[in-house]
>>> print(open('data25.cif').read())   # mmCIF, N, CA and C atoms
data_upload
loop_
_atom_site.label_atom_id
_atom_site.label_comp_id
_atom_site.auth_asym_id
_atom_site.auth_seq_id
_atom_site.Cartn_x
_atom_site.Cartn_y
_atom_site.Cartn_z
N MET A 88 65.29 -26.91 3.67
CA MET A 88 63.99 -26.96 3.03
C MET A 88 64.15 -26.68 1.55
N ASP A 89 63.39 -27.39 0.76
CA ASP A 89 63.55 -27.30 -0.68
C ASP A 89 62.60 -26.33 -1.37
N GLY A 90 61.54 -25.91 -0.75
CA GLY A 90 60.61 -25.06 -1.47
C GLY A 90 59.46 -24.59 -0.62
N LYS A 91 58.48 -24.03 -1.31
CA LYS A 91 57.32 -23.44 -0.65
C LYS A 91 56.57 -24.46 0.20
N ALA A 92 56.37 -25.67 -0.32
CA ALA A 92 55.63 -26.69 0.44
C ALA A 92 56.35 -27.01 1.75
N ASP A 93 57.67 -27.12 1.70
CA ASP A 93 58.43 -27.38 2.93
C ASP A 93 58.33 -26.20 3.89
N TRP A 94 58.43 -25.00 3.35
CA TRP A 94 58.33 -23.78 4.17
C TRP A 94 57.00 -23.79 4.92
N LEU A 95 55.91 -23.98 4.18
CA LEU A 95 54.58 -23.97 4.78
C LEU A 95 54.37 -25.17 5.70
N GLY A 96 54.94 -26.31 5.32
CA GLY A 96 54.82 -27.53 6.13
C GLY A 96 55.50 -27.44 7.48
N HIS A 97 56.40 -26.48 7.61
CA HIS A 97 57.07 -26.24 8.88
C HIS A 97 56.40 -25.12 9.67
N GLY A 98 55.29 -24.58 9.15
CA GLY A 98 54.55 -23.56 9.86
C GLY A 98 55.23 -22.20 9.89
N LEU A 99 56.07 -21.94 8.91
CA LEU A 99 56.78 -20.66 8.87
C LEU A 99 55.88 -19.57 8.28
N PRO A 100 56.18 -18.30 8.53
CA PRO A 100 55.32 -17.20 8.07
C PRO A 100 55.13 -17.22 6.56
N ARG A 101 53.99 -16.72 6.14
CA ARG A 101 53.68 -16.69 4.71
C ARG A 101 53.14 -15.32 4.34
N GLU A 102 53.13 -15.06 3.05
CA GLU A 102 52.62 -13.79 2.55
C GLU A 102 51.96 -14.03 1.20
N GLY A 103 51.38 -13.00 0.64
CA GLY A 103 50.74 -13.13 -0.65
C GLY A 103 49.25 -13.37 -0.51
N GLU A 104 48.65 -13.86 -1.59
CA GLU A 104 47.20 -14.02 -1.67
C GLU A 104 46.64 -14.98 -0.62
N THR A 105 47.35 -16.04 -0.32
CA THR A 105 46.82 -17.03 0.62
C THR A 105 47.05 -16.67 2.08
N ALA A 106 47.83 -15.63 2.34
CA ALA A 106 48.14 -15.26 3.73
C ALA A 106 46.91 -14.88 4.52
N GLU A 107 45.85 -14.47 3.83
CA GLU A 107 44.63 -14.06 4.53
C GLU A 107 43.73 -15.24 4.91
N HIS A 108 44.03 -16.42 4.41
CA HIS A 108 43.23 -17.61 4.72
C HIS A 108 43.88 -18.36 5.88
N PRO A 109 43.13 -18.64 6.93
CA PRO A 109 43.72 -19.27 8.12
C PRO A 109 44.15 -20.72 7.88
N TYR A 110 45.27 -21.06 8.45
CA TYR A 110 45.78 -22.42 8.41
C TYR A 110 45.71 -23.02 9.81
N ALA A 111 45.63 -24.33 9.86
CA ALA A 111 45.49 -25.04 11.13
C ALA A 111 46.61 -24.72 12.10
N GLY A 112 47.82 -24.60 11.61
CA GLY A 112 48.95 -24.33 12.48
C GLY A 112 48.84 -23.01 13.23
N GLU A 113 48.11 -22.06 12.65
CA GLU A 113 47.95 -20.75 13.28
C GLU A 113 47.04 -20.81 14.51
N LEU A 114 46.18 -21.82 14.56
CA LEU A 114 45.25 -21.97 15.69
C LEU A 114 45.66 -23.08 16.65
N ALA A 115 46.72 -23.79 16.33
CA ALA A 115 47.14 -24.91 17.17
C ALA A 115 47.67 -24.42 18.51
N ASP A 116 47.31 -25.15 19.55
CA ASP A 116 47.83 -24.90 20.89
C ASP A 116 49.27 -25.41 20.91
N ALA A 117 50.22 -24.50 21.04
CA ALA A 117 51.64 -24.86 20.98
C ALA A 117 52.17 -25.46 22.28
N ASP A 118 51.33 -25.56 23.30
CA ASP A 118 51.81 -26.04 24.60
C ASP A 118 50.90 -27.11 25.20
N PRO A 119 50.65 -28.20 24.45
CA PRO A 119 49.85 -29.28 25.03
C PRO A 119 50.67 -30.06 26.04
N PRO A 120 50.04 -30.87 26.88
CA PRO A 120 50.80 -31.69 27.83
C PRO A 120 51.68 -32.69 27.09
N THR A 121 52.95 -32.74 27.49
CA THR A 121 53.89 -33.68 26.88
C THR A 121 54.72 -34.37 27.95
N CYS A 122 55.21 -35.53 27.57
CA CYS A 122 56.07 -36.30 28.48
C CYS A 122 57.07 -37.09 27.66
N GLY A 123 57.99 -37.73 28.35
CA GLY A 123 58.98 -38.58 27.71
C GLY A 123 58.61 -40.04 27.88
N LEU A 124 59.29 -40.91 27.17
CA LEU A 124 59.02 -42.35 27.22
C LEU A 124 59.12 -42.92 28.63
N SER A 125 60.07 -42.45 29.41
CA SER A 125 60.30 -43.04 30.73
C SER A 125 59.48 -42.38 31.84
N ASP A 126 58.75 -41.33 31.54
CA ASP A 126 57.93 -40.69 32.58
C ASP A 126 56.89 -41.68 33.11
N ARG A 127 56.68 -41.63 34.39
CA ARG A 127 55.76 -42.55 35.06
C ARG A 127 54.31 -42.07 34.99
N ALA A 128 53.39 -43.00 35.12
CA ALA A 128 51.95 -42.69 35.06
C ALA A 128 51.58 -41.62 36.08
N SER A 129 52.17 -41.66 37.26
CA SER A 129 51.86 -40.66 38.28
C SER A 129 52.20 -39.25 37.80
N VAL A 130 53.30 -39.10 37.07
CA VAL A 130 53.71 -37.80 36.52
C VAL A 130 52.74 -37.37 35.43
N VAL A 131 52.38 -38.29 34.55
CA VAL A 131 51.48 -37.97 33.45
C VAL A 131 50.10 -37.58 33.99
N ARG A 132 49.62 -38.28 35.01
CA ARG A 132 48.34 -37.92 35.64
C ARG A 132 48.37 -36.47 36.14
N THR A 133 49.48 -36.10 36.76
CA THR A 133 49.62 -34.72 37.26
C THR A 133 49.57 -33.72 36.11
N LEU A 134 50.22 -34.03 35.00
CA LEU A 134 50.20 -33.15 33.84
C LEU A 134 48.79 -32.94 33.30
N LEU A 135 47.95 -33.96 33.40
CA LEU A 135 46.60 -33.89 32.85
C LEU A 135 45.54 -33.45 33.86
N LYS A 136 45.93 -33.31 35.10
CA LYS A 136 44.96 -33.07 36.17
C LYS A 136 43.94 -31.98 35.85
N ASP A 137 44.36 -30.79 35.53
CA ASP A 137 43.45 -29.69 35.24
C ASP A 137 43.50 -29.28 33.78
N SER A 138 43.85 -30.21 32.93
CA SER A 138 44.03 -29.94 31.50
C SER A 138 42.75 -30.16 30.72
N ARG A 139 42.61 -29.45 29.62
CA ARG A 139 41.48 -29.67 28.71
C ARG A 139 41.69 -30.92 27.86
N TYR A 140 42.85 -31.50 27.98
CA TYR A 140 43.23 -32.65 27.15
C TYR A 140 42.86 -33.98 27.79
N GLY A 141 42.51 -34.93 26.94
CA GLY A 141 42.25 -36.30 27.38
C GLY A 141 43.46 -37.18 27.13
N PHE A 142 44.58 -36.56 26.80
CA PHE A 142 45.79 -37.32 26.49
C PHE A 142 47.03 -36.46 26.74
N CYS A 143 48.16 -37.15 26.81
CA CYS A 143 49.47 -36.51 26.92
C CYS A 143 50.30 -37.04 25.76
N LEU A 144 50.97 -36.15 25.05
CA LEU A 144 51.80 -36.56 23.92
C LEU A 144 53.17 -37.01 24.42
N VAL A 145 53.62 -38.13 23.90
CA VAL A 145 54.93 -38.67 24.26
C VAL A 145 55.91 -38.22 23.17
N LEU A 146 56.94 -37.48 23.61
CA LEU A 146 57.91 -36.92 22.67
C LEU A 146 59.31 -37.47 22.90
N SER A 147 60.09 -37.49 21.83
CA SER A 147 61.52 -37.80 21.95
C SER A 147 62.23 -36.54 22.45
N GLU A 148 63.51 -36.64 22.71
CA GLU A 148 64.28 -35.48 23.15
C GLU A 148 64.30 -34.39 22.07
N GLN A 149 64.09 -34.75 20.81
CA GLN A 149 64.08 -33.79 19.71
C GLN A 149 62.66 -33.27 19.42
N ARG A 150 61.72 -33.57 20.32
CA ARG A 150 60.30 -33.16 20.22
C ARG A 150 59.55 -33.86 19.08
N ILE A 151 60.02 -35.04 18.67
CA ILE A 151 59.33 -35.85 17.68
C ILE A 151 58.20 -36.58 18.40
N VAL A 152 56.99 -36.54 17.82
CA VAL A 152 55.84 -37.21 18.42
C VAL A 152 55.98 -38.72 18.24
N LEU A 153 56.06 -39.42 19.36
CA LEU A 153 56.20 -40.88 19.34
C LEU A 153 54.87 -41.57 19.59
N GLY A 154 54.02 -40.95 20.39
CA GLY A 154 52.76 -41.58 20.74
C GLY A 154 51.92 -40.67 21.61
N ARG A 155 50.86 -41.27 22.15
CA ARG A 155 49.91 -40.54 22.98
C ARG A 155 49.45 -41.46 24.10
N VAL A 156 49.41 -40.92 25.33
CA VAL A 156 48.88 -41.65 26.48
C VAL A 156 47.52 -41.05 26.80
N ARG A 157 46.49 -41.86 26.70
CA ARG A 157 45.13 -41.39 26.99
C ARG A 157 44.82 -41.50 28.48
N ARG A 158 43.92 -40.64 28.94
CA ARG A 158 43.46 -40.71 30.34
C ARG A 158 42.94 -42.10 30.68
N SER A 159 42.24 -42.71 29.72
CA SER A 159 41.67 -44.04 29.98
C SER A 159 42.77 -45.07 30.27
N ALA A 160 43.90 -44.97 29.60
CA ALA A 160 45.02 -45.89 29.88
C ALA A 160 45.61 -45.60 31.25
N LEU A 161 45.67 -44.33 31.61
CA LEU A 161 46.18 -43.95 32.93
C LEU A 161 45.29 -44.46 34.06
N ALA A 162 43.98 -44.48 33.82
CA ALA A 162 43.03 -44.91 34.84
C ALA A 162 43.24 -46.38 35.22
N ARG A 163 43.74 -47.16 34.28
CA ARG A 163 43.95 -48.60 34.52
C ARG A 163 45.37 -48.93 34.96
N ALA A 164 46.25 -47.94 34.96
CA ALA A 164 47.67 -48.20 35.18
C ALA A 164 48.11 -47.91 36.60
N GLY A 165 49.12 -48.64 37.03
CA GLY A 165 49.74 -48.34 38.31
C GLY A 165 50.61 -47.09 38.18
N ASP A 166 50.93 -46.49 39.31
CA ASP A 166 51.70 -45.24 39.31
C ASP A 166 53.06 -45.36 38.65
N ASP A 167 53.66 -46.54 38.70
CA ASP A 167 55.01 -46.71 38.16
C ASP A 167 55.06 -47.13 36.70
N ALA A 168 53.91 -47.32 36.06
CA ALA A 168 53.91 -47.70 34.65
C ALA A 168 54.53 -46.57 33.83
N SER A 169 55.32 -46.92 32.84
CA SER A 169 55.97 -45.90 32.01
C SER A 169 55.03 -45.40 30.92
N ALA A 170 55.27 -44.19 30.48
CA ALA A 170 54.49 -43.64 29.37
C ALA A 170 54.65 -44.54 28.14
N GLU A 171 55.85 -45.06 27.94
CA GLU A 171 56.09 -45.94 26.80
C GLU A 171 55.18 -47.16 26.83
N SER A 172 54.98 -47.74 28.00
CA SER A 172 54.14 -48.94 28.10
C SER A 172 52.65 -48.62 27.95
N LEU A 173 52.28 -47.37 28.15
CA LEU A 173 50.86 -46.98 28.10
C LEU A 173 50.47 -46.30 26.80
N MET A 174 51.43 -45.88 26.02
CA MET A 174 51.13 -45.04 24.86
C MET A 174 50.60 -45.83 23.68
N GLU A 175 49.82 -45.11 22.87
CA GLU A 175 49.42 -45.58 21.55
C GLU A 175 50.46 -44.99 20.59
N PRO A 176 51.25 -45.81 19.92
CA PRO A 176 52.29 -45.27 19.06
C PRO A 176 51.73 -44.68 17.77
N GLY A 177 52.48 -43.72 17.22
CA GLY A 177 52.19 -43.17 15.90
C GLY A 177 50.82 -42.56 15.70
N PRO A 178 50.42 -41.59 16.51
CA PRO A 178 49.09 -40.99 16.31
C PRO A 178 49.03 -40.22 14.99
N SER A 179 47.84 -40.05 14.48
CA SER A 179 47.60 -39.32 13.25
C SER A 179 47.97 -37.85 13.43
N THR A 180 48.62 -37.28 12.42
CA THR A 180 49.04 -35.89 12.48
C THR A 180 48.71 -35.18 11.17
N ILE A 181 48.78 -33.85 11.22
CA ILE A 181 48.63 -33.03 10.02
C ILE A 181 49.76 -32.02 9.99
N ARG A 182 49.98 -31.42 8.82
CA ARG A 182 50.93 -30.33 8.69
C ARG A 182 50.21 -29.02 9.01
N PRO A 183 50.96 -28.00 9.40
CA PRO A 183 50.36 -26.73 9.80
C PRO A 183 49.74 -25.95 8.66
N ASN A 184 50.04 -26.31 7.42
CA ASN A 184 49.54 -25.53 6.28
C ASN A 184 48.23 -26.06 5.70
N LYS A 185 47.47 -26.78 6.50
CA LYS A 185 46.14 -27.23 6.08
C LYS A 185 45.12 -26.15 6.44
N PRO A 186 44.21 -25.84 5.53
CA PRO A 186 43.20 -24.82 5.82
C PRO A 186 42.31 -25.21 7.01
N VAL A 187 42.00 -24.22 7.83
CA VAL A 187 41.19 -24.45 9.03
C VAL A 187 39.86 -25.13 8.67
N ALA A 188 39.17 -24.62 7.66
CA ALA A 188 37.86 -25.19 7.30
C ALA A 188 37.98 -26.66 6.93
N GLU A 189 39.04 -27.03 6.22
CA GLU A 189 39.25 -28.42 5.82
C GLU A 189 39.45 -29.32 7.05
N ILE A 190 40.22 -28.85 8.01
CA ILE A 190 40.50 -29.65 9.20
C ILE A 190 39.26 -29.74 10.09
N VAL A 191 38.51 -28.66 10.23
CA VAL A 191 37.28 -28.70 11.02
C VAL A 191 36.32 -29.73 10.41
N GLU A 192 36.18 -29.72 9.10
CA GLU A 192 35.30 -30.68 8.42
C GLU A 192 35.78 -32.12 8.63
N ARG A 193 37.07 -32.33 8.49
CA ARG A 193 37.65 -33.67 8.67
C ARG A 193 37.40 -34.19 10.09
N LEU A 194 37.62 -33.33 11.08
CA LEU A 194 37.41 -33.75 12.47
C LEU A 194 35.94 -34.02 12.75
N ALA A 195 35.06 -33.16 12.23
CA ALA A 195 33.62 -33.35 12.45
C ALA A 195 33.15 -34.67 11.83
N LYS A 196 33.59 -34.96 10.62
CA LYS A 196 33.21 -36.22 9.96
C LYS A 196 33.65 -37.44 10.77
N GLY A 197 34.83 -37.34 11.35
CA GLY A 197 35.35 -38.45 12.15
C GLY A 197 34.93 -38.41 13.60
N GLU A 198 34.10 -37.42 13.95
CA GLU A 198 33.64 -37.21 15.32
C GLU A 198 34.83 -37.11 16.28
N LEU A 199 35.86 -36.37 15.84
CA LEU A 199 37.07 -36.16 16.62
C LEU A 199 37.12 -34.72 17.12
N MET A 200 37.80 -34.52 18.22
CA MET A 200 37.89 -33.18 18.81
C MET A 200 39.23 -32.50 18.54
N THR A 201 40.28 -33.28 18.33
CA THR A 201 41.62 -32.71 18.16
C THR A 201 42.41 -33.47 17.11
N ILE A 202 43.47 -32.80 16.64
CA ILE A 202 44.46 -33.48 15.80
C ILE A 202 45.81 -32.81 16.06
N ILE A 203 46.85 -33.61 16.02
CA ILE A 203 48.20 -33.16 16.33
C ILE A 203 48.81 -32.52 15.08
N VAL A 204 49.46 -31.39 15.27
CA VAL A 204 50.10 -30.65 14.17
C VAL A 204 51.62 -30.81 14.32
N THR A 205 52.26 -31.32 13.26
CA THR A 205 53.71 -31.53 13.29
C THR A 205 54.35 -31.02 12.01
N THR A 206 55.67 -30.91 12.05
CA THR A 206 56.45 -30.65 10.84
C THR A 206 56.47 -31.95 10.03
N PRO A 207 56.95 -31.90 8.78
CA PRO A 207 57.06 -33.15 8.00
C PRO A 207 57.94 -34.20 8.67
N GLU A 208 58.87 -33.77 9.52
CA GLU A 208 59.74 -34.71 10.23
C GLU A 208 59.10 -35.27 11.50
N GLY A 209 57.91 -34.80 11.84
CA GLY A 209 57.22 -35.32 13.02
C GLY A 209 57.43 -34.51 14.28
N CYS A 210 58.07 -33.35 14.17
CA CYS A 210 58.31 -32.50 15.34
C CYS A 210 57.02 -31.77 15.73
N LEU A 211 56.68 -31.82 16.99
CA LEU A 211 55.44 -31.23 17.48
C LEU A 211 55.42 -29.71 17.31
N LEU A 212 54.35 -29.22 16.69
CA LEU A 212 54.09 -27.78 16.61
C LEU A 212 52.93 -27.40 17.52
N GLY A 213 51.99 -28.34 17.72
CA GLY A 213 50.85 -28.06 18.58
C GLY A 213 49.71 -29.03 18.35
N VAL A 214 48.57 -28.70 18.95
CA VAL A 214 47.36 -29.50 18.79
C VAL A 214 46.23 -28.57 18.36
N PHE A 215 45.57 -28.94 17.28
CA PHE A 215 44.43 -28.20 16.75
C PHE A 215 43.17 -28.75 17.39
N HIS A 216 42.35 -27.85 17.94
CA HIS A 216 41.08 -28.23 18.56
C HIS A 216 39.93 -27.85 17.64
N ARG A 217 39.07 -28.80 17.36
CA ARG A 217 37.93 -28.54 16.48
C ARG A 217 37.10 -27.37 16.98
N GLU A 218 36.83 -27.30 18.28
CA GLU A 218 35.99 -26.21 18.80
C GLU A 218 36.63 -24.85 18.57
N ASP A 219 37.95 -24.77 18.64
CA ASP A 219 38.64 -23.51 18.35
C ASP A 219 38.49 -23.14 16.88
N GLY A 220 38.62 -24.13 16.01
CA GLY A 220 38.46 -23.89 14.57
C GLY A 220 37.04 -23.49 14.22
N GLU A 221 36.05 -24.16 14.83
CA GLU A 221 34.66 -23.80 14.58
C GLU A 221 34.37 -22.37 15.04
N ARG A 222 34.87 -22.02 16.21
CA ARG A 222 34.68 -20.66 16.72
C ARG A 222 35.33 -19.64 15.79
N PHE A 223 36.52 -19.94 15.34
CA PHE A 223 37.25 -19.06 14.44
C PHE A 223 36.48 -18.85 13.14
N LEU A 224 35.94 -19.93 12.58
CA LEU A 224 35.19 -19.83 11.34
C LEU A 224 33.88 -19.07 11.52
N ARG A 225 33.21 -19.26 12.66
CA ARG A 225 31.96 -18.52 12.96
C ARG A 225 32.21 -17.03 13.05
N GLU A 226 33.30 -16.66 13.70
CA GLU A 226 33.58 -15.25 13.92
C GLU A 226 34.07 -14.55 12.67
N GLY A 227 34.48 -15.32 11.66
CA GLY A 227 34.88 -14.76 10.37
C GLY A 227 36.05 -13.80 10.43
N ALA A 228 37.03 -14.11 11.25
CA ALA A 228 38.16 -13.21 11.41
C ALA A 228 38.89 -12.93 10.10
N TYR A 229 38.87 -13.87 9.17
CA TYR A 229 39.55 -13.68 7.89
C TYR A 229 38.56 -13.53 6.75
N ALA A 230 37.29 -13.28 7.06
CA ALA A 230 36.27 -13.22 6.01
C ALA A 230 36.47 -12.04 5.08
#
>>> encode(input="data25.cif", output="structure tokens")
Amino acid sequence: MDGKADWLGHGLPREGETAEHPYAGELADADPPTCGLSDRASVVRTLLKDSRYGFCLVLSEQRIVLGRVRRSALARAGDDASAESLMEPGPSTIRPNKPVAEIVERLAKGELMTIIVTTPEGCLLGVFHREDGERFLREGAYA
């Protein structure tokens, strides 16, 4: 890493004046449902069965986000369809050092509920949920 931006972009600990302001990476769910390219639809359905998620993230062996398989795609697919054949490639992501308020506003404007949090190299750190960010901002934990 070359500097502060890289440090923060990887979600590493911070200190100083800005440490009291919440960043999206701090609220991201670090354990969303994930699968590999060759995982079958039947496996992905099981991963999502009791999940709050409407999708499963498709990762490489190095945990790089390759795509997302939505429940709607699974509903139309046979059990043997691969995650690769069902996924939407290259989903939108953010870095963990984005302020919570900024991300909540962005998601609300786009009428979105979640956004994927990755390192600059695309490695999964987690998923930020708008409702979690809104709750956090209401409670004023860092006010």
>>> resolve_selection(input="data25.cif", expression="the PyMOL selection byres ((chain A and resi 208) around 8)", output="ChimeraX atom specification")
/A:96-97,150-152,205-207,209-211
>>> closest_residue(input="data25.cif", among="A:Val191, A:Leu114, A:Glu148, A:Ala128", to="A:Val204", atoms="only C-alpha atoms")
A:Leu114
>>> select_by_dssp(input="data25.cif", residues="chain A", states="strand (DSSP E)", output="number ranges by chain")
A: 121-122, 142-146, 152-157, 175-176, 180-181, 201-205, 211-216
>>> select_by_dssp(input="data25.cif", residues="chain A", states="alpha helix (DSSP H)", output="VMD selection string")
chain A and resid 91 to 96 111 to 114 128 to 135 158 to 163 170 to 173 187 to 196 217 to 226
>>> atom_distance(input="data25.cif", atom1="atom C of A:Ile203", atom2="atom C of A:Pro178")
7.7 Å
>>> atom_distance(input="data25.cif", atom1="atom CA of A:Val145", atom2="atom C of A:Ala170")
7.0 Å
>>> residues_around(input="data25.cif", residues="A:Glu175", least_positions_apart="5", cutoff="6 Å", atoms="only N, CA and C atoms", output="PyMOL selection string")
chain A and resi 153-156
>>> atom_distance(input="data25.cif", atom1="atom CA of A:Leu124", atom2="atom N of A:Asn184")
27.0 Å
>>> residues_near_point(input="data25.cif", point="(39.3, -22.1, 5.2)", cutoff="8 Å", atoms="only N, CA and C atoms", output="list in words")
His108, Pro109, Tyr110, Lys185, Pro186, Val187, Ala188, Glu189, Ile190 and Leu224 of chain A
>>> residues_around(input="data25.cif", residues="A:Ser169", least_positions_apart="2", cutoff="8 Å", atoms="only N, CA and C atoms", output="ChimeraX atom specification")
/A:123-129,165-167,171-174
>>> closest_residue(input="data25.cif", among="A:Leu199, A:Val131, A:Leu146, A:Ala160", to="A:Phe215", atoms="only C-alpha atoms")
A:Leu199
>>> closest_residue(input="data25.cif", among="A:Glu198, A:Cys143, A:Ser179, A:Asp137", to="A:Cys122", atoms="only N, CA and C atoms")
A:Cys143
>>> build_atoms(input="data25.cif", residues="stretch 201-210 of chain A", atoms="all heavy atoms", output="PDB file, in the coordinates of the input")
ATOM      1  N   THR A 201      40.280 -33.280  18.330  1.00  0.00           N
ATOM      2  CA  THR A 201      41.620 -32.710  18.160  1.00  0.00           C
ATOM      3  C   THR A 201      42.410 -33.470  17.110  1.00  0.00           C
ATOM      4  O   THR A 201      42.087 -34.616  16.781  1.00  0.00           O
ATOM      5  CB  THR A 201      42.437 -32.770  19.474  1.00  0.00           C
ATOM      6  OG1 THR A 201      42.584 -34.138  19.866  1.00  0.00           O
ATOM      7  CG2 THR A 201      41.784 -31.970  20.589  1.00  0.00           C
ATOM      8  N   ILE A 202      43.470 -32.800  16.640  1.00  0.00           N
ATOM      9  CA  ILE A 202      44.460 -33.480  15.800  1.00  0.00           C
ATOM     10  C   ILE A 202      45.810 -32.810  16.060  1.00  0.00           C
ATOM     11  O   ILE A 202      45.884 -31.608  16.304  1.00  0.00           O
ATOM     12  CB  ILE A 202      44.085 -33.472  14.301  1.00  0.00           C
ATOM     13  CG1 ILE A 202      44.998 -34.426  13.533  1.00  0.00           C
ATOM     14  CG2 ILE A 202      44.096 -32.054  13.726  1.00  0.00           C
ATOM     15  CD1 ILE A 202      44.412 -34.910  12.223  1.00  0.00           C
ATOM     16  N   ILE A 203      46.850 -33.610  16.020  1.00  0.00           N
ATOM     17  CA  ILE A 203      48.200 -33.160  16.330  1.00  0.00           C
ATOM     18  C   ILE A 203      48.810 -32.520  15.080  1.00  0.00           C
ATOM     19  O   ILE A 203      48.701 -33.055  13.977  1.00  0.00           O
ATOM     20  CB  ILE A 203      49.053 -34.347  16.806  1.00  0.00           C
ATOM     21  CG1 ILE A 203      48.396 -35.009  18.028  1.00  0.00           C
ATOM     22  CG2 ILE A 203      50.483 -33.914  17.107  1.00  0.00           C
ATOM     23  CD1 ILE A 203      48.877 -36.411  18.304  1.00  0.00           C
ATOM     24  N   VAL A 204      49.460 -31.390  15.270  1.00  0.00           N
ATOM     25  CA  VAL A 204      50.100 -30.650  14.170  1.00  0.00           C
ATOM     26  C   VAL A 204      51.620 -30.810  14.320  1.00  0.00           C
ATOM     27  O   VAL A 204      52.174 -30.495  15.379  1.00  0.00           O
ATOM     28  CB  VAL A 204      49.708 -29.159  14.200  1.00  0.00           C
ATOM     29  CG1 VAL A 204      50.334 -28.419  13.028  1.00  0.00           C
ATOM     30  CG2 VAL A 204      48.190 -28.989  14.206  1.00  0.00           C
ATOM     31  N   THR A 205      52.260 -31.320  13.260  1.00  0.00           N
ATOM     32  CA  THR A 205      53.710 -31.530  13.290  1.00  0.00           C
ATOM     33  C   THR A 205      54.350 -31.020  12.010  1.00  0.00           C
ATOM     34  O   THR A 205      53.678 -30.779  11.001  1.00  0.00           O
ATOM     35  CB  THR A 205      54.064 -33.031  13.411  1.00  0.00           C
ATOM     36  OG1 THR A 205      53.664 -33.711  12.210  1.00  0.00           O
ATOM     37  CG2 THR A 205      53.437 -33.671  14.626  1.00  0.00           C
ATOM     38  N   THR A 206      55.670 -30.910  12.050  1.00  0.00           N
ATOM     39  CA  THR A 206      56.450 -30.650  10.840  1.00  0.00           C
ATOM     40  C   THR A 206      56.470 -31.950  10.030  1.00  0.00           C
ATOM     41  O   THR A 206      56.103 -33.018  10.551  1.00  0.00           O
ATOM     42  CB  THR A 206      57.896 -30.260  11.178  1.00  0.00           C
ATOM     43  OG1 THR A 206      58.544 -31.382  11.780  1.00  0.00           O
ATOM     44  CG2 THR A 206      57.949 -29.037  12.086  1.00  0.00           C
ATOM     45  N   PRO A 207      56.950 -31.900   8.780  1.00  0.00           N
ATOM     46  CA  PRO A 207      57.060 -33.150   8.000  1.00  0.00           C
ATOM     47  C   PRO A 207      57.940 -34.200   8.670  1.00  0.00           C
ATOM     48  O   PRO A 207      57.760 -35.395   8.450  1.00  0.00           O
ATOM     49  CB  PRO A 207      57.663 -32.676   6.675  1.00  0.00           C
ATOM     50  CG  PRO A 207      57.196 -31.262   6.537  1.00  0.00           C
ATOM     51  CD  PRO A 207      57.232 -30.719   7.954  1.00  0.00           C
ATOM     52  N   GLU A 208      58.870 -33.770   9.520  1.00  0.00           N
ATOM     53  CA  GLU A 208      59.740 -34.710  10.230  1.00  0.00           C
ATOM     54  C   GLU A 208      59.100 -35.270  11.500  1.00  0.00           C
ATOM     55  O   GLU A 208      59.695 -36.109  12.171  1.00  0.00           O
ATOM     56  CB  GLU A 208      61.064 -34.034  10.603  1.00  0.00           C
ATOM     57  CG  GLU A 208      61.882 -33.587   9.414  1.00  0.00           C
ATOM     58  CD  GLU A 208      61.403 -32.268   8.805  1.00  0.00           C
ATOM     59  OE1 GLU A 208      60.735 -31.479   9.493  1.00  0.00           O
ATOM     60  OE2 GLU A 208      61.684 -32.047   7.628  1.00  0.00           O
ATOM     61  N   GLY A 209      57.910 -34.800  11.840  1.00  0.00           N
ATOM     62  CA  GLY A 209      57.220 -35.320  13.020  1.00  0.00           C
ATOM     63  C   GLY A 209      57.430 -34.510  14.280  1.00  0.00           C
ATOM     64  O   GLY A 209      57.027 -34.931  15.369  1.00  0.00           O
ATOM     65  N   CYS A 210      58.070 -33.350  14.170  1.00  0.00           N
ATOM     66  CA  CYS A 210      58.310 -32.500  15.340  1.00  0.00           C
ATOM     67  C   CYS A 210      57.020 -31.770  15.730  1.00  0.00           C
ATOM     68  O   CYS A 210      56.348 -31.175  14.886  1.00  0.00           O
ATOM     69  CB  CYS A 210      59.412 -31.491  15.014  1.00  0.00           C
ATOM     70  SG  CYS A 210      59.900 -30.491  16.422  1.00  0.00           S
TER      71      CYS A 210
END
